[in-house]
>>> print(open('coords-v2.txt').read())   # compact mmCIF, C-alpha atoms
# COMPACT_ATOMS: atom_id res chain seq x y z
CA MET A 1 -6.06 -5.53 25.52
CA ALA A 2 -5.44 -8.90 23.90
CA ALA A 3 -4.46 -7.36 20.57
CA ALA A 4 -1.50 -5.56 22.13
CA HIS A 5 0.47 -8.75 22.89
CA GLU A 6 3.84 -9.07 21.23
CA GLY A 7 3.50 -10.86 17.90
CA HIS A 8 -0.29 -10.72 17.91
CA SER A 9 -0.76 -7.10 16.95
CA PRO A 10 -2.25 -6.88 13.45
CA ILE A 11 0.50 -4.55 12.29
CA HIS A 12 3.34 -6.67 13.69
CA GLN A 13 3.55 -8.48 10.33
CA PHE A 14 4.72 -5.29 8.60
CA GLU A 15 7.81 -4.94 10.77
CA ILE A 16 11.07 -4.72 8.84
CA ASN A 17 13.88 -6.77 10.39
CA GLN A 18 17.55 -6.37 9.56
CA LEU A 19 19.03 -9.68 8.46
CA ILE A 20 22.52 -8.42 7.48
CA PRO A 21 23.27 -4.96 8.94
CA LEU A 22 25.10 -2.80 6.43
CA LYS A 23 26.08 0.88 6.35
CA LEU A 24 26.98 2.56 3.07
CA PHE A 25 28.20 6.19 3.20
CA GLY A 26 26.21 6.79 6.38
CA ILE A 27 23.02 5.40 4.85
CA ASP A 28 21.37 2.36 6.39
CA ALA A 29 21.47 -0.11 3.48
CA SER A 30 20.93 -3.26 5.52
CA PHE A 31 19.69 -6.46 3.92
CA THR A 32 16.20 -6.77 5.44
CA ASN A 33 13.36 -9.27 5.17
CA SER A 34 11.90 -6.87 2.62
CA SER A 35 15.05 -7.15 0.50
CA LEU A 36 14.98 -10.93 0.95
CA TYR A 37 11.44 -11.10 -0.45
CA MET A 38 12.38 -8.84 -3.36
CA VAL A 39 15.38 -11.05 -4.22
CA LEU A 40 13.15 -14.12 -3.86
CA ALA A 41 10.59 -12.58 -6.25
CA LEU A 42 13.33 -11.73 -8.72
CA GLY A 43 14.62 -15.31 -8.52
CA ILE A 44 11.15 -16.78 -9.07
CA ILE A 45 10.45 -14.49 -12.04
CA SER A 46 13.84 -15.17 -13.65
CA PHE A 47 13.60 -18.92 -13.08
CA PHE A 48 10.02 -19.04 -14.41
CA LEU A 49 10.67 -16.99 -17.55
CA ILE A 50 14.11 -18.40 -18.41
CA SER A 51 13.21 -22.06 -17.82
CA ALA A 52 9.90 -21.61 -19.65
CA MET A 53 11.46 -20.03 -22.73
CA ARG A 54 14.67 -22.12 -22.78
CA THR A 55 13.33 -24.58 -25.35
CA GLY A 56 11.59 -21.88 -27.41
CA ALA A 57 9.46 -24.50 -29.15
CA LEU A 58 7.14 -23.54 -31.99
CA VAL A 59 4.38 -25.54 -30.30
CA PRO A 60 4.66 -24.42 -26.66
CA GLY A 61 4.58 -26.80 -23.74
CA ARG A 62 2.81 -26.09 -20.44
CA MET A 63 5.46 -23.78 -18.96
CA GLN A 64 6.03 -21.94 -22.22
CA SER A 65 2.28 -21.39 -22.69
CA MET A 66 2.09 -19.79 -19.25
CA ALA A 67 5.00 -17.45 -19.99
CA GLU A 68 3.52 -16.57 -23.40
CA LEU A 69 0.09 -15.93 -21.81
CA VAL A 70 1.58 -13.42 -19.36
CA TYR A 71 3.59 -11.79 -22.15
CA LYS A 72 0.58 -11.53 -24.46
CA PHE A 73 -1.67 -10.23 -21.68
CA VAL A 74 0.68 -7.35 -20.86
CA ALA A 75 1.45 -6.68 -24.54
CA ASP A 76 -2.29 -6.41 -25.32
CA THR A 77 -2.78 -4.06 -22.36
CA VAL A 78 0.02 -1.78 -23.55
CA ARG A 79 -1.17 -1.84 -27.18
CA GLU A 80 -4.76 -1.13 -26.17
CA ASN A 81 -3.92 1.84 -23.95
CA VAL A 82 -0.86 3.43 -25.57
CA GLY A 83 -0.96 2.14 -29.13
CA ASP A 84 1.86 0.66 -31.19
CA GLU A 85 4.23 3.55 -30.43
CA GLY A 86 3.94 2.60 -26.77
CA MET A 87 5.47 -0.83 -27.30
CA LYS A 88 8.92 0.60 -26.54
CA PHE A 89 7.68 0.90 -22.96
CA PHE A 90 6.58 -2.72 -22.91
CA PRO A 91 9.66 -3.93 -20.97
CA LEU A 92 8.98 -1.33 -18.24
CA VAL A 93 5.29 -2.20 -17.90
CA PHE A 94 5.99 -5.94 -18.03
CA SER A 95 8.67 -5.68 -15.31
CA LEU A 96 6.45 -3.56 -13.06
CA PHE A 97 3.44 -5.84 -13.57
CA ILE A 98 5.18 -9.14 -12.93
CA PHE A 99 7.26 -7.77 -10.02
CA VAL A 100 4.20 -6.35 -8.23
CA LEU A 101 2.19 -9.48 -9.04
CA VAL A 102 4.78 -11.89 -7.64
CA LEU A 103 5.38 -9.74 -4.54
CA ASN A 104 1.62 -9.52 -3.86
CA VAL A 105 1.07 -13.24 -4.31
CA LEU A 106 4.17 -14.15 -2.25
CA GLY A 107 2.73 -12.04 0.57
CA MET A 108 -0.43 -14.16 0.47
CA ILE A 109 1.50 -17.36 1.31
CA PRO A 110 1.35 -17.64 5.12
CA ILE A 111 4.61 -18.70 6.76
CA PRO A 112 4.44 -17.94 10.52
CA GLY A 113 6.91 -15.24 11.51
CA VAL A 114 8.39 -14.94 8.03
CA THR A 115 5.69 -13.75 5.64
CA PHE A 116 6.19 -10.18 4.58
CA THR A 117 4.38 -8.28 1.85
CA VAL A 118 6.87 -5.93 0.24
CA THR A 119 4.14 -3.92 -1.51
CA SER A 120 2.62 -3.06 1.88
CA SER A 121 5.54 -0.64 2.43
CA LEU A 122 4.73 2.82 1.13
CA VAL A 123 8.41 3.45 0.41
CA VAL A 124 8.52 0.62 -2.16
CA THR A 125 5.31 1.56 -3.98
CA ALA A 126 6.21 5.25 -3.88
CA ALA A 127 9.60 4.50 -5.45
CA MET A 128 7.88 2.62 -8.28
CA ALA A 129 5.28 5.39 -8.78
CA ILE A 130 7.99 8.08 -8.84
CA LEU A 131 9.89 6.03 -11.42
CA VAL A 132 6.77 5.86 -13.61
CA ILE A 133 5.96 9.56 -13.33
CA GLY A 134 9.64 10.46 -13.83
CA ILE A 135 9.68 8.49 -17.08
CA VAL A 136 6.38 10.10 -18.18
CA ILE A 137 7.75 13.61 -17.62
CA ALA A 138 11.19 12.86 -19.11
CA TYR A 139 9.81 11.15 -22.22
CA GLY A 140 7.06 13.75 -22.63
CA LEU A 141 9.62 16.57 -22.60
CA TYR A 142 11.91 14.59 -24.93
CA ALA A 143 9.16 13.79 -27.45
CA HIS A 144 7.14 17.03 -27.41
CA GLY A 145 9.52 19.57 -25.89
CA LEU A 146 7.67 22.35 -24.08
CA GLY A 147 4.52 21.32 -25.96
CA PHE A 148 4.21 18.61 -23.31
CA PHE A 149 2.83 21.27 -20.98
CA LYS A 150 -0.21 21.66 -23.28
CA LEU A 151 -1.34 18.64 -21.28
CA PHE A 152 -2.36 21.07 -18.57
CA VAL A 153 -4.30 23.35 -20.93
CA PRO A 154 -7.54 21.77 -22.17
CA SER A 155 -8.33 22.84 -25.74
CA GLY A 156 -11.57 24.54 -26.83
CA VAL A 157 -12.14 26.25 -23.50
CA PRO A 158 -12.72 30.03 -23.04
CA TRP A 159 -9.73 31.80 -21.43
CA TYR A 160 -11.49 32.66 -18.18
CA MET A 161 -12.25 28.98 -17.60
CA LEU A 162 -8.53 28.20 -17.99
CA LEU A 163 -7.86 30.16 -14.78
CA ILE A 164 -9.73 27.42 -12.94
CA LEU A 165 -9.00 24.43 -15.17
CA VAL A 166 -5.19 24.74 -15.39
CA PRO A 167 -4.65 24.53 -11.61
CA ILE A 168 -7.06 21.58 -11.48
CA GLU A 169 -5.12 19.78 -14.22
CA VAL A 170 -1.80 20.49 -12.51
CA ILE A 171 -3.08 19.23 -9.17
CA SER A 172 -4.52 16.09 -10.77
CA PHE A 173 -1.16 15.44 -12.46
CA ILE A 174 0.75 15.90 -9.20
CA SER A 175 -1.64 13.63 -7.31
CA ARG A 176 -1.08 10.80 -9.83
CA PRO A 177 2.08 9.34 -8.24
CA ILE A 178 0.50 9.75 -4.79
CA SER A 179 -2.69 7.89 -5.71
CA LEU A 180 -0.77 5.28 -7.71
CA SER A 181 1.47 4.40 -4.77
CA VAL A 182 -1.10 4.77 -1.98
CA ARG A 183 -3.66 2.63 -3.86
CA LEU A 184 -1.36 -0.40 -3.99
CA PHE A 185 0.06 0.15 -0.50
CA ALA A 186 -3.33 0.73 1.16
CA ASN A 187 -4.94 -2.27 -0.51
CA MET A 188 -2.19 -4.60 0.63
CA LEU A 189 -1.96 -3.12 4.16
CA ALA A 190 -5.71 -3.02 4.81
CA GLY A 191 -6.24 -6.48 3.33
CA HIS A 192 -3.56 -8.11 5.47
CA ILE A 193 -4.71 -6.29 8.63
CA ALA A 194 -8.31 -7.39 8.00
CA LEU A 195 -7.15 -10.99 7.47
CA LYS A 196 -5.16 -10.93 10.69
CA ILE A 197 -8.04 -9.43 12.69
CA PHE A 198 -10.51 -12.06 11.47
CA ALA A 199 -7.99 -14.83 12.07
CA GLY A 200 -7.51 -13.39 15.58
CA PHE A 201 -11.27 -13.78 16.25
CA VAL A 202 -10.93 -17.54 15.63
CA GLY A 203 -8.23 -17.86 18.28
CA THR A 204 -10.04 -15.61 20.78
CA LEU A 205 -13.28 -17.59 20.48
CA LEU A 206 -11.52 -20.97 20.67
CA ALA A 207 -9.55 -19.89 23.74
CA THR A 208 -12.75 -19.42 25.77
CA TRP A 209 -13.18 -23.25 25.88
CA SER A 210 -16.95 -22.89 26.25
CA VAL A 211 -20.03 -23.00 24.04
CA TRP A 212 -18.68 -19.89 22.35
CA SER A 213 -15.83 -21.95 20.87
CA LEU A 214 -18.35 -23.48 18.47
CA LEU A 215 -18.96 -20.02 17.03
CA SER A 216 -15.32 -19.80 15.85
CA VAL A 217 -16.49 -21.54 12.67
CA VAL A 218 -18.02 -18.23 11.55
CA PRO A 219 -14.83 -16.09 11.56
CA MET A 220 -12.96 -19.09 10.13
CA ALA A 221 -15.31 -19.18 7.13
CA LEU A 222 -14.97 -15.40 6.80
CA THR A 223 -11.17 -15.73 6.85
CA VAL A 224 -11.31 -18.25 4.02
CA ALA A 225 -13.60 -15.96 1.99
CA LEU A 226 -11.37 -12.95 2.74
CA THR A 227 -8.30 -14.90 1.63
CA ALA A 228 -9.98 -15.62 -1.71
CA LEU A 229 -10.85 -11.93 -2.05
CA GLU A 230 -7.29 -10.92 -1.15
CA VAL A 231 -5.82 -13.20 -3.84
CA LEU A 232 -8.17 -11.53 -6.33
CA VAL A 233 -7.11 -8.10 -5.06
CA ALA A 234 -3.42 -9.04 -5.22
CA VAL A 235 -3.72 -9.90 -8.92
CA LEU A 236 -6.09 -7.01 -9.71
CA GLN A 237 -3.89 -4.40 -8.07
CA ALA A 238 -0.88 -5.54 -10.08
CA TYR A 239 -3.05 -5.23 -13.22
CA VAL A 240 -4.36 -1.82 -12.14
CA PHE A 241 -0.80 -0.62 -11.53
CA ALA A 242 0.17 -1.74 -15.04
CA VAL A 243 -2.94 -0.22 -16.69
CA LEU A 244 -2.51 3.13 -14.92
CA THR A 245 1.16 3.15 -15.91
CA CYS A 246 0.01 2.67 -19.52
CA ILE A 247 -2.59 5.46 -19.25
CA TYR A 248 0.01 7.88 -17.86
CA LEU A 249 2.52 6.84 -20.53
CA ASN A 250 -0.17 7.53 -23.15
CA ASP A 251 -0.08 11.22 -22.16
CA ALA A 252 3.70 11.27 -22.65
CA VAL A 253 3.61 9.45 -25.99
CA HIS A 254 0.67 11.24 -27.59
CA GLY A 255 0.91 14.60 -25.87
CA ALA A 256 -2.07 16.90 -25.40
CA HIS A 257 -5.41 15.46 -26.42
CA MET B 1 -5.22 16.08 41.38
CA ALA B 2 -2.85 16.68 38.48
CA ALA B 3 -2.34 12.93 37.97
CA GLU B 4 -6.10 12.47 37.92
CA SER B 5 -6.69 15.08 35.22
CA LEU B 6 -3.82 13.58 33.18
CA GLU B 7 -5.56 10.20 33.43
CA ILE B 8 -8.83 11.77 32.26
CA ALA B 9 -7.03 13.41 29.33
CA LYS B 10 -5.51 10.05 28.34
CA GLN B 11 -8.87 8.29 28.51
CA THR B 12 -10.44 11.07 26.42
CA ALA B 13 -7.72 10.67 23.81
CA VAL B 14 -8.40 6.92 23.61
CA ALA B 15 -12.14 7.55 23.29
CA ALA B 16 -11.52 10.16 20.58
CA LYS B 17 -9.33 7.65 18.74
CA TYR B 18 -12.14 5.08 18.62
CA ILE B 19 -14.73 7.70 17.63
CA GLY B 20 -12.38 8.90 14.86
CA ALA B 21 -11.90 5.34 13.60
CA GLY B 22 -15.67 4.89 13.50
CA ILE B 23 -16.19 8.13 11.58
CA ALA B 24 -13.39 7.22 9.15
CA CYS B 25 -15.16 3.96 8.33
CA LEU B 26 -18.21 5.94 7.15
CA GLY B 27 -16.19 6.76 4.04
CA MET B 28 -16.58 3.16 2.98
CA ALA B 29 -20.29 3.84 2.39
CA GLY B 30 -19.26 5.84 -0.67
CA ALA B 31 -17.28 2.90 -2.00
CA GLY B 32 -20.30 0.66 -1.34
CA ILE B 33 -22.58 2.97 -3.34
CA GLY B 34 -19.98 3.13 -6.10
CA LEU B 35 -19.53 -0.65 -6.29
CA GLY B 36 -23.29 -1.24 -6.31
CA ASN B 37 -23.67 1.32 -9.08
CA LEU B 38 -20.78 -0.23 -11.03
CA PHE B 39 -22.03 -3.81 -10.96
CA GLY B 40 -25.67 -2.76 -11.34
CA GLN B 41 -24.93 -0.73 -14.45
CA PHE B 42 -22.78 -3.52 -15.84
CA LEU B 43 -25.53 -6.06 -15.25
CA SER B 44 -28.21 -3.92 -16.89
CA GLY B 45 -25.91 -3.27 -19.83
CA ALA B 46 -24.96 -6.93 -20.05
CA LEU B 47 -28.61 -8.03 -20.06
CA ARG B 48 -29.42 -5.64 -22.88
CA ASN B 49 -26.50 -6.83 -24.98
CA PRO B 50 -25.13 -10.12 -23.60
CA SER B 51 -22.82 -10.68 -26.58
CA ALA B 52 -20.84 -7.50 -25.79
CA ALA B 53 -20.59 -8.22 -22.05
CA ASP B 54 -17.61 -10.58 -22.15
CA GLY B 55 -15.39 -8.00 -23.82
CA GLN B 56 -16.02 -5.49 -21.05
CA ARG B 57 -15.18 -7.76 -18.13
CA GLY B 58 -11.64 -6.35 -17.91
CA THR B 59 -12.99 -2.81 -17.73
CA LEU B 60 -15.42 -3.95 -15.04
CA LEU B 61 -12.65 -5.43 -12.90
CA LEU B 62 -10.52 -2.32 -13.42
CA GLY B 63 -13.42 -0.15 -12.26
CA PHE B 64 -13.94 -2.48 -9.32
CA ALA B 65 -10.32 -2.17 -8.22
CA LEU B 66 -10.26 1.62 -8.67
CA THR B 67 -13.54 2.09 -6.75
CA GLU B 68 -12.65 -0.34 -4.00
CA ALA B 69 -9.31 1.43 -3.49
CA LEU B 70 -11.12 4.62 -2.46
CA GLY B 71 -13.03 2.72 0.22
CA ILE B 72 -9.79 1.08 1.33
CA PHE B 73 -8.29 4.57 1.83
CA SER B 74 -10.84 5.37 4.54
CA LEU B 75 -10.48 1.89 6.05
CA LEU B 76 -6.71 2.53 6.13
CA ILE B 77 -7.25 5.74 8.12
CA ALA B 78 -9.46 3.83 10.56
CA LEU B 79 -6.90 1.04 10.96
CA LEU B 80 -4.05 3.52 11.41
CA LEU B 81 -6.07 5.27 14.13
CA LEU B 82 -6.75 1.96 15.87
CA PHE B 83 -3.31 0.37 15.69
CA ALA B 84 -0.67 2.92 14.76
CA VAL B 85 -1.62 6.15 16.57
>>> encode(input="coords-v2.txt", output="structure tokens")
Amino acid sequence: MAAAHEGHSPIHQFEINQLIPLKLFGIDASFTNSSLYMVLALGIISFFLISAMRTGALVPGRMQSMAELVYKFVADTVRENVGDEGMKFFPLVFSLFIFVLVLNVLGMIPIPGVTFTVTSSLVVTAAMAILVIGIVIAYGLYAHGLGFFKLFVPSGVPWYMLLILVPIEVISFISRPISLSVRLFANMLAGHIALKIFAGFVGTLLATWSVWSLLSVVPMALTVALTALEVLVAVLQAYVFAVLTCIYLNDAVHGAH
Amino acid sequence: MAAESLEIAKQTAVAAKYIGAGIACLGMAGAGIGLGNLFGQFLSGALRNPSAADGQRGTLLLGFALTEALGIFSLLIALLLLFAV
């Protein structure tokens, strides 16, 4: 099978390579290409925000307008979904949104043999989802005490219905971090695999060196269209992650509805 | 004889893998129905009240991403069967 060649397998791009091997207390804490991309994203975000806001002009320039647009966009999302009390979680949502966004978009920039999409690792997205749900539970218990658990008991329902509804609510709450992490991870993984497969068709058709080579225009056009779709998905999934974080935080801030 | 039956078992496993990937892709039909419903309903709503349509574009894209993700889940299972199992 042609797809099984080293370096041409569609899932080869998700391989994590150790750049600086490191062992801490028996745990493998090596600096990998995944870590490199995370540090790179952090550098880009810090550079963008700090250099844009350094002047702090009343009438913003180009860079400052961009930074203010991102800020306002996330602030509006938080205010819309959680309300004004939710603005204390704005730094969390903003960090998550811009980190996921930059990681997704960095993964869309093709550099042969280097490109790695950090958000296509389930361990990264799961860590972020567990952080979000952990904060929801901790803040919910802090703000409402045991009343937080009223979240699982819908009001205005006869008691015999509760026997069915409470387990459903509990299961839906538990599945939140799973769906939150798997949604981002699966979108990135499936998108990049699909891109690689379609790009592989171009090479396979060209390599025949016959009339069929002319047909390679078709998968090439599809690859271009898919790339456009994937850029849209990369931005949308970062937004969806932020919005769902807000919706879950809303439960913690406002308690049972 | 034993080697032959082992070979047959291996081939059957490969065939089952491809059949499983094909069946997993059927789940994307649900996402297709959902996306068609989503955009169709948005369009009919937007044609009735075009002035309110622009404000709901964010909700539309959010619904698009949430619906598409469910189709991607089944595609993910298919891809995992093809390349990772």
>>> residues_around(input="coords-v2.txt", residues="A:Val243", least_positions_apart="3", cutoff="10 Å", atoms="all atoms listed in the file", output="PDB file with C-alpha atoms, in the frame of the given file")
ATOM      1  CA  VAL A  74       0.680  -7.350 -20.860  1.00  0.00           C
ATOM      2  CA  THR A  77      -2.780  -4.060 -22.360  1.00  0.00           C
ATOM      3  CA  VAL A  78       0.020  -1.780 -23.550  1.00  0.00           C
ATOM      4  CA  GLU A  80      -4.760  -1.130 -26.170  1.00  0.00           C
ATOM      5  CA  ASN A  81      -3.920   1.840 -23.950  1.00  0.00           C
ATOM      6  CA  VAL A  82      -0.860   3.430 -25.570  1.00  0.00           C
ATOM      7  CA  VAL A  93       5.290  -2.200 -17.900  1.00  0.00           C
ATOM      8  CA  PHE A  97       3.440  -5.840 -13.570  1.00  0.00           C
ATOM      9  CA  GLN A 237      -3.890  -4.400  -8.070  1.00  0.00           C
ATOM     10  CA  ALA A 238      -0.880  -5.540 -10.080  1.00  0.00           C
ATOM     11  CA  TYR A 239      -3.050  -5.230 -13.220  1.00  0.00           C
ATOM     12  CA  VAL A 240      -4.360  -1.820 -12.140  1.00  0.00           C
ATOM     13  CA  CYS A 246       0.010   2.670 -19.520  1.00  0.00           C
ATOM     14  CA  ILE A 247      -2.590   5.460 -19.250  1.00  0.00           C
ATOM     15  CA  TYR A 248       0.010   7.880 -17.860  1.00  0.00           C
ATOM     16  CA  LEU A 249       2.520   6.840 -20.530  1.00  0.00           C
TER      17      LEU A 249
ATOM     18  CA  LEU B  62     -10.520  -2.320 -13.420  1.00  0.00           C
TER      19      LEU B  62
END
>>> atom_distance(input="coords-v2.txt", atom1="atom CA of A:Ala138", atom2="atom CA of A:Asn104")
28.7 Å
>>> closest_residue(input="coords-v2.txt", among="B:Gly58, B:Gly22, B:Gly40, B:Gly34", to="B:Ser74", atoms="only C-alpha atoms")
B:Gly22
>>> atom_distance(input="coords-v2.txt", atom1="atom CA of B:Arg57", atom2="atom CA of A:Ala252")
27.2 Å
>>> closest_residue(input="coords-v2.txt", among="B:Val14, B:Ala46, B:Val85, B:Ala29", to="B:Leu70", atoms="all atoms listed in the file")
B:Ala29
>>> closest_residue(input="coords-v2.txt", among="A:Asp251, A:Leu236, A:Asn187, A:Ser155", to="A:Phe173", atoms="all atoms listed in the file")
A:Asp251
>>> interface_residues(input="coords-v2.txt", of="chain B", to="chain A", cutoff="8 Å", atoms="all atoms listed in the file", output="list of chain:residue names")
B:Leu61, B:Leu62, B:Ala65, B:Leu66, B:Ala69, B:Leu70, B:Ile72, B:Phe73, B:Leu75, B:Leu76, B:Leu79, B:Phe83, B:Ala84
>>> residues_around(input="coords-v2.txt", residues="A:Ile137", least_positions_apart="5", cutoff="12 Å", atoms="all atoms listed in the file", output="ChimeraX atom specification")
/A:130-132,142-149,151,173-174,177,248-253,255
>>> atom_distance(input="coords-v2.txt", atom1="atom CA of A:Asp28", atom2="atom CA of A:Ser120")
20.0 Å
>>> closest_residue(input="coords-v2.txt", among="A:Ile171, A:Leu103, A:Ile44, A:Leu206", to="A:Val218", atoms="all atoms listed in the file")
A:Leu206
>>> closest_residue(input="coords-v2.txt", among="B:Ala21, B:Leu35, B:Ala9, B:Ile77", to="B:Leu60", atoms="all atoms listed in the file")
B:Leu35
>>> residues_near_point(input="coords-v2.txt", point="(-6.4, -10.2, 2.8)", cutoff="6 Å", atoms="all atoms listed in the file", output="list in words")
Gly191, His192, Leu195, Leu226, Thr227 and Glu230 of chain A
>>> closest_residue(input="coords-v2.txt", among="B:Ile33, B:Ser44, B:Thr12, B:Glu4", to="B:Gly71", atoms="only C-alpha atoms")
B:Ile33
>>> residues_around(input="coords-v2.txt", residues="A:Asn33", least_positions_apart="5", cutoff="8 Å", atoms="all atoms listed in the file", output="mmCIF file with C-alpha atoms, in the coordinates of the input")
data_model
loop_
_atom_site.group_PDB
_atom_site.id
_atom_site.type_symbol
_atom_site.label_atom_id
_atom_site.label_comp_id
_atom_site.auth_asym_id
_atom_site.auth_seq_id
_atom_site.Cartn_x
_atom_site.Cartn_y
_atom_site.Cartn_z
ATOM 1 C CA ILE A 16 11.070 -4.720 8.840
ATOM 2 C CA ASN A 17 13.880 -6.770 10.390
ATOM 3 C CA GLN A 18 17.550 -6.370 9.560
ATOM 4 C CA LEU A 19 19.030 -9.680 8.460
ATOM 5 C CA PHE A 116 6.190 -10.180 4.580
#
>>> residues_near_point(input="coords-v2.txt", point="(0.7, -13.0, 2.9)", cutoff="7 Å", atoms="all atoms listed in the file", output="VMD selection string")
chain A and resid 106 to 110 115 to 117 192
>>> decode(input="coords-v2.txt", residues="stretch 23-90 of chain A", atoms="C-alpha atoms", output="PDB file, in the first residue's frame")
ATOM      1  CA  LYS A  23      13.208  13.175  33.066  1.00  0.00           C
ATOM      2  CA  LEU A  24      11.670  14.752  36.148  1.00  0.00           C
ATOM      3  CA  PHE A  25      10.954  12.491  39.153  1.00  0.00           C
ATOM      4  CA  GLY A  26      10.539   9.501  36.850  1.00  0.00           C
ATOM      5  CA  ILE A  27       8.076  11.350  34.612  1.00  0.00           C
ATOM      6  CA  ASP A  28       8.916  11.909  30.968  1.00  0.00           C
ATOM      7  CA  ALA A  29       8.888  15.724  30.764  1.00  0.00           C
ATOM      8  CA  SER A  30      10.855  16.037  27.535  1.00  0.00           C
ATOM      9  CA  PHE A  31      10.715  19.185  25.445  1.00  0.00           C
ATOM     10  CA  THR A  32       8.856  17.961  22.343  1.00  0.00           C
ATOM     11  CA  ASN A  33       7.740  19.533  19.073  1.00  0.00           C
ATOM     12  CA  SER A  34       4.368  19.943  20.777  1.00  0.00           C
ATOM     13  CA  SER A  35       5.994  21.985  23.556  1.00  0.00           C
ATOM     14  CA  LEU A  36       7.911  23.973  20.933  1.00  0.00           C
ATOM     15  CA  TYR A  37       4.677  24.933  19.180  1.00  0.00           C
ATOM     16  CA  MET A  38       3.057  25.883  22.493  1.00  0.00           C
ATOM     17  CA  VAL A  39       6.018  28.116  23.402  1.00  0.00           C
ATOM     18  CA  LEU A  40       5.916  29.587  19.890  1.00  0.00           C
ATOM     19  CA  ALA A  41       2.183  30.334  20.269  1.00  0.00           C
ATOM     20  CA  LEU A  42       2.800  31.924  23.661  1.00  0.00           C
ATOM     21  CA  GLY A  43       5.568  34.066  22.141  1.00  0.00           C
ATOM     22  CA  ILE A  44       3.360  35.177  19.240  1.00  0.00           C
ATOM     23  CA  ILE A  45       0.443  36.043  21.553  1.00  0.00           C
ATOM     24  CA  SER A  46       2.656  37.943  24.004  1.00  0.00           C
ATOM     25  CA  PHE A  47       4.487  39.800  21.238  1.00  0.00           C
ATOM     26  CA  PHE A  48       1.221  40.687  19.461  1.00  0.00           C
ATOM     27  CA  LEU A  49      -0.621  41.913  22.552  1.00  0.00           C
ATOM     28  CA  ILE A  50       2.303  43.687  24.247  1.00  0.00           C
ATOM     29  CA  SER A  51       3.595  45.430  21.116  1.00  0.00           C
ATOM     30  CA  ALA A  52       0.048  46.367  20.093  1.00  0.00           C
ATOM     31  CA  MET A  53      -0.841  47.906  23.444  1.00  0.00           C
ATOM     32  CA  ARG A  54       2.576  49.451  24.209  1.00  0.00           C
ATOM     33  CA  THR A  55       1.588  52.892  22.939  1.00  0.00           C
ATOM     34  CA  GLY A  56      -1.924  52.721  24.438  1.00  0.00           C
ATOM     35  CA  ALA A  57      -3.073  55.568  22.197  1.00  0.00           C
ATOM     36  CA  LEU A  58      -6.549  57.035  22.568  1.00  0.00           C
ATOM     37  CA  VAL A  59      -6.981  56.767  18.799  1.00  0.00           C
ATOM     38  CA  PRO A  60      -5.701  53.248  18.079  1.00  0.00           C
ATOM     39  CA  GLY A  61      -3.366  52.430  15.230  1.00  0.00           C
ATOM     40  CA  ARG A  62      -3.614  49.287  13.093  1.00  0.00           C
ATOM     41  CA  MET A  63      -2.024  46.873  15.581  1.00  0.00           C
ATOM     42  CA  GLN A  64      -3.876  48.331  18.543  1.00  0.00           C
ATOM     43  CA  SER A  65      -7.218  48.110  16.698  1.00  0.00           C
ATOM     44  CA  MET A  66      -6.614  44.410  16.057  1.00  0.00           C
ATOM     45  CA  ALA A  67      -5.812  43.732  19.715  1.00  0.00           C
ATOM     46  CA  GLU A  68      -8.850  45.762  20.833  1.00  0.00           C
ATOM     47  CA  LEU A  69     -11.083  43.894  18.347  1.00  0.00           C
ATOM     48  CA  VAL A  70     -10.055  40.524  19.782  1.00  0.00           C
ATOM     49  CA  TYR A  71     -10.499  41.830  23.330  1.00  0.00           C
ATOM     50  CA  LYS A  72     -13.944  43.285  22.589  1.00  0.00           C
ATOM     51  CA  PHE A  73     -15.056  40.148  20.737  1.00  0.00           C
ATOM     52  CA  VAL A  74     -14.262  37.879  23.685  1.00  0.00           C
ATOM     53  CA  ALA A  75     -15.599  40.400  26.231  1.00  0.00           C
ATOM     54  CA  ASP A  76     -18.925  40.593  24.356  1.00  0.00           C
ATOM     55  CA  THR A  77     -19.118  36.791  24.205  1.00  0.00           C
ATOM     56  CA  VAL A  78     -18.565  36.498  27.961  1.00  0.00           C
ATOM     57  CA  ARG A  79     -21.038  39.298  28.767  1.00  0.00           C
ATOM     58  CA  GLU A  80     -23.680  37.827  26.472  1.00  0.00           C
ATOM     59  CA  ASN A  81     -23.469  34.306  27.893  1.00  0.00           C
ATOM     60  CA  VAL A  82     -22.583  34.800  31.560  1.00  0.00           C
ATOM     61  CA  GLY A  83     -23.611  38.382  32.265  1.00  0.00           C
ATOM     62  CA  ASP A  84     -21.652  41.088  34.053  1.00  0.00           C
ATOM     63  CA  GLU A  85     -20.864  38.868  37.049  1.00  0.00           C
ATOM     64  CA  GLY A  86     -19.041  36.571  34.646  1.00  0.00           C
ATOM     65  CA  MET A  87     -16.483  39.209  33.703  1.00  0.00           C
ATOM     66  CA  LYS A  88     -14.176  37.956  36.470  1.00  0.00           C
ATOM     67  CA  PHE A  89     -13.708  34.883  34.288  1.00  0.00           C
ATOM     68  CA  PHE A  90     -12.825  37.010  31.280  1.00  0.00           C
TER      69      PHE A  90
END
